[in-house]
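*Asks:* The structure under discussion is supplied below as structure tokens; questions concerning it will follow.
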Amino acid sequence: MSEENYKIIFEGRLVEGRDVDDVKQQLARLFKTDAAQIEQLFNSAPAILKSGLDFSTAAKYEAALKKA
């Protein structure tokens, strides 16, 4: 029996009440990248960040992104 695979897709939507500049800074730290890369991510959304994940791993990524 095969495992289900999950993707992490970035759509550029923010959690209500969050400031876009603050979120971009948090994502830059999370992904260990610069502001230009994060700006490109927002401009190209939706974008697949990770694929082929099991549920547990996908849930961890989702939680980290929501926190950022």
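Residues in the structure tokens are named by chain (A, B, ... in the order shown) and by number from 1 within that chain; ligands are numbered from 1 in the order shown.
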Just list as a list of chain:residue names whatever in chain A DSSP marks as strand (DSSP E).

*Replies:* A:Tyr6, A:Lys7, A:Ile8, A:Ile9, A:Phe10, A:Ala47, A:Ile48, A:Leu49, A:Lys50, A:Ser51, A:Gly52, A:Leu53

*Asks:* With C-alpha atoms retained, could you export that selection as a CSV table (one decimal), in the first residue's frame?

*Replies:*
chain,number,residue,atom,x,y,z
A,6,TYR,CA,1.7,16.0,0.2
A,7,LYS,CA,2.9,19.2,-1.3
A,8,ILE,CA,3.6,22.6,0.4
A,9,ILE,CA,2.2,25.3,-1.9
A,10,PHE,CA,2.9,28.9,-1.2
A,47,ALA,CA,4.7,28.1,-5.9
A,48,ILE,CA,5.4,24.6,-4.8
A,49,LEU,CA,7.9,24.7,-2.0
A,50,LYS,CA,8.2,21.0,-1.2
A,51,SER,CA,6.5,17.9,-2.6
A,52,GLY,CA,6.5,14.2,-1.9
A,53,LEU,CA,6.0,14.7,1.9

*Asks:* Please produce, as JSON lines, a per-residue contact table for stretch 22-50 of chain A versus stretch 58-64 of chain A (criterion: any atom at most 12 Å away, only C-alpha atoms considered), showing the nearest atom pair and its distance in Å to one decimal, sorted by chain then residue number.

*Replies:*
{"residue": "A:Val23", "atom": "CA", "partner": "A:Ala64", "partner_atom": "CA", "distance": 11.9}
{"residue": "A:Gln26", "atom": "CA", "partner": "A:Ala64", "partner_atom": "CA", "distance": 10.2}
{"residue": "A:Leu27", "atom": "CA", "partner": "A:Ala64", "partner_atom": "CA", "distance": 9.5}
{"residue": "A:Arg29", "atom": "CA", "partner": "A:Ala64", "partner_atom": "CA", "distance": 11.5}
{"residue": "A:Leu30", "atom": "CA", "partner": "A:Ala64", "partner_atom": "CA", "distance": 8.2}
{"residue": "A:Phe31", "atom": "CA", "partner": "A:Ala64", "partner_atom": "CA", "distance": 10.5}
{"residue": "A:Leu49", "atom": "CA", "partner": "A:Tyr61", "partner_atom": "CA", "distance": 9.6}
{"residue": "A:Lys50", "atom": "CA", "partner": "A:Ala58", "partner_atom": "CA", "distance": 8.5}

*Asks:* Between A:Ala68, A:Lys32, A:Ala45, A:Phe55, which has the minimum distance to A:Val20 (counting only C-alpha atoms)?

*Replies:*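 Nearest to A:Val20: A:Ala68.
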
*Asks:* Could you give me, as a PyMOL selection string, each residue of chain A that DSSP assigns to alpha helix (DSSP H) when run on this structure's backbone?

*Replies:* chain A and resi 20-31+35-43+55-67

*Asks:* Taking into account only C-alpha atoms, which residue in the set A:Lys66, A:Glu4, A:Gln37, A:Phe42 is nearest to A:Glu16?

*Replies:*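 Using only C-alpha atoms, A:Glu16 sits closest to A:Lys66.
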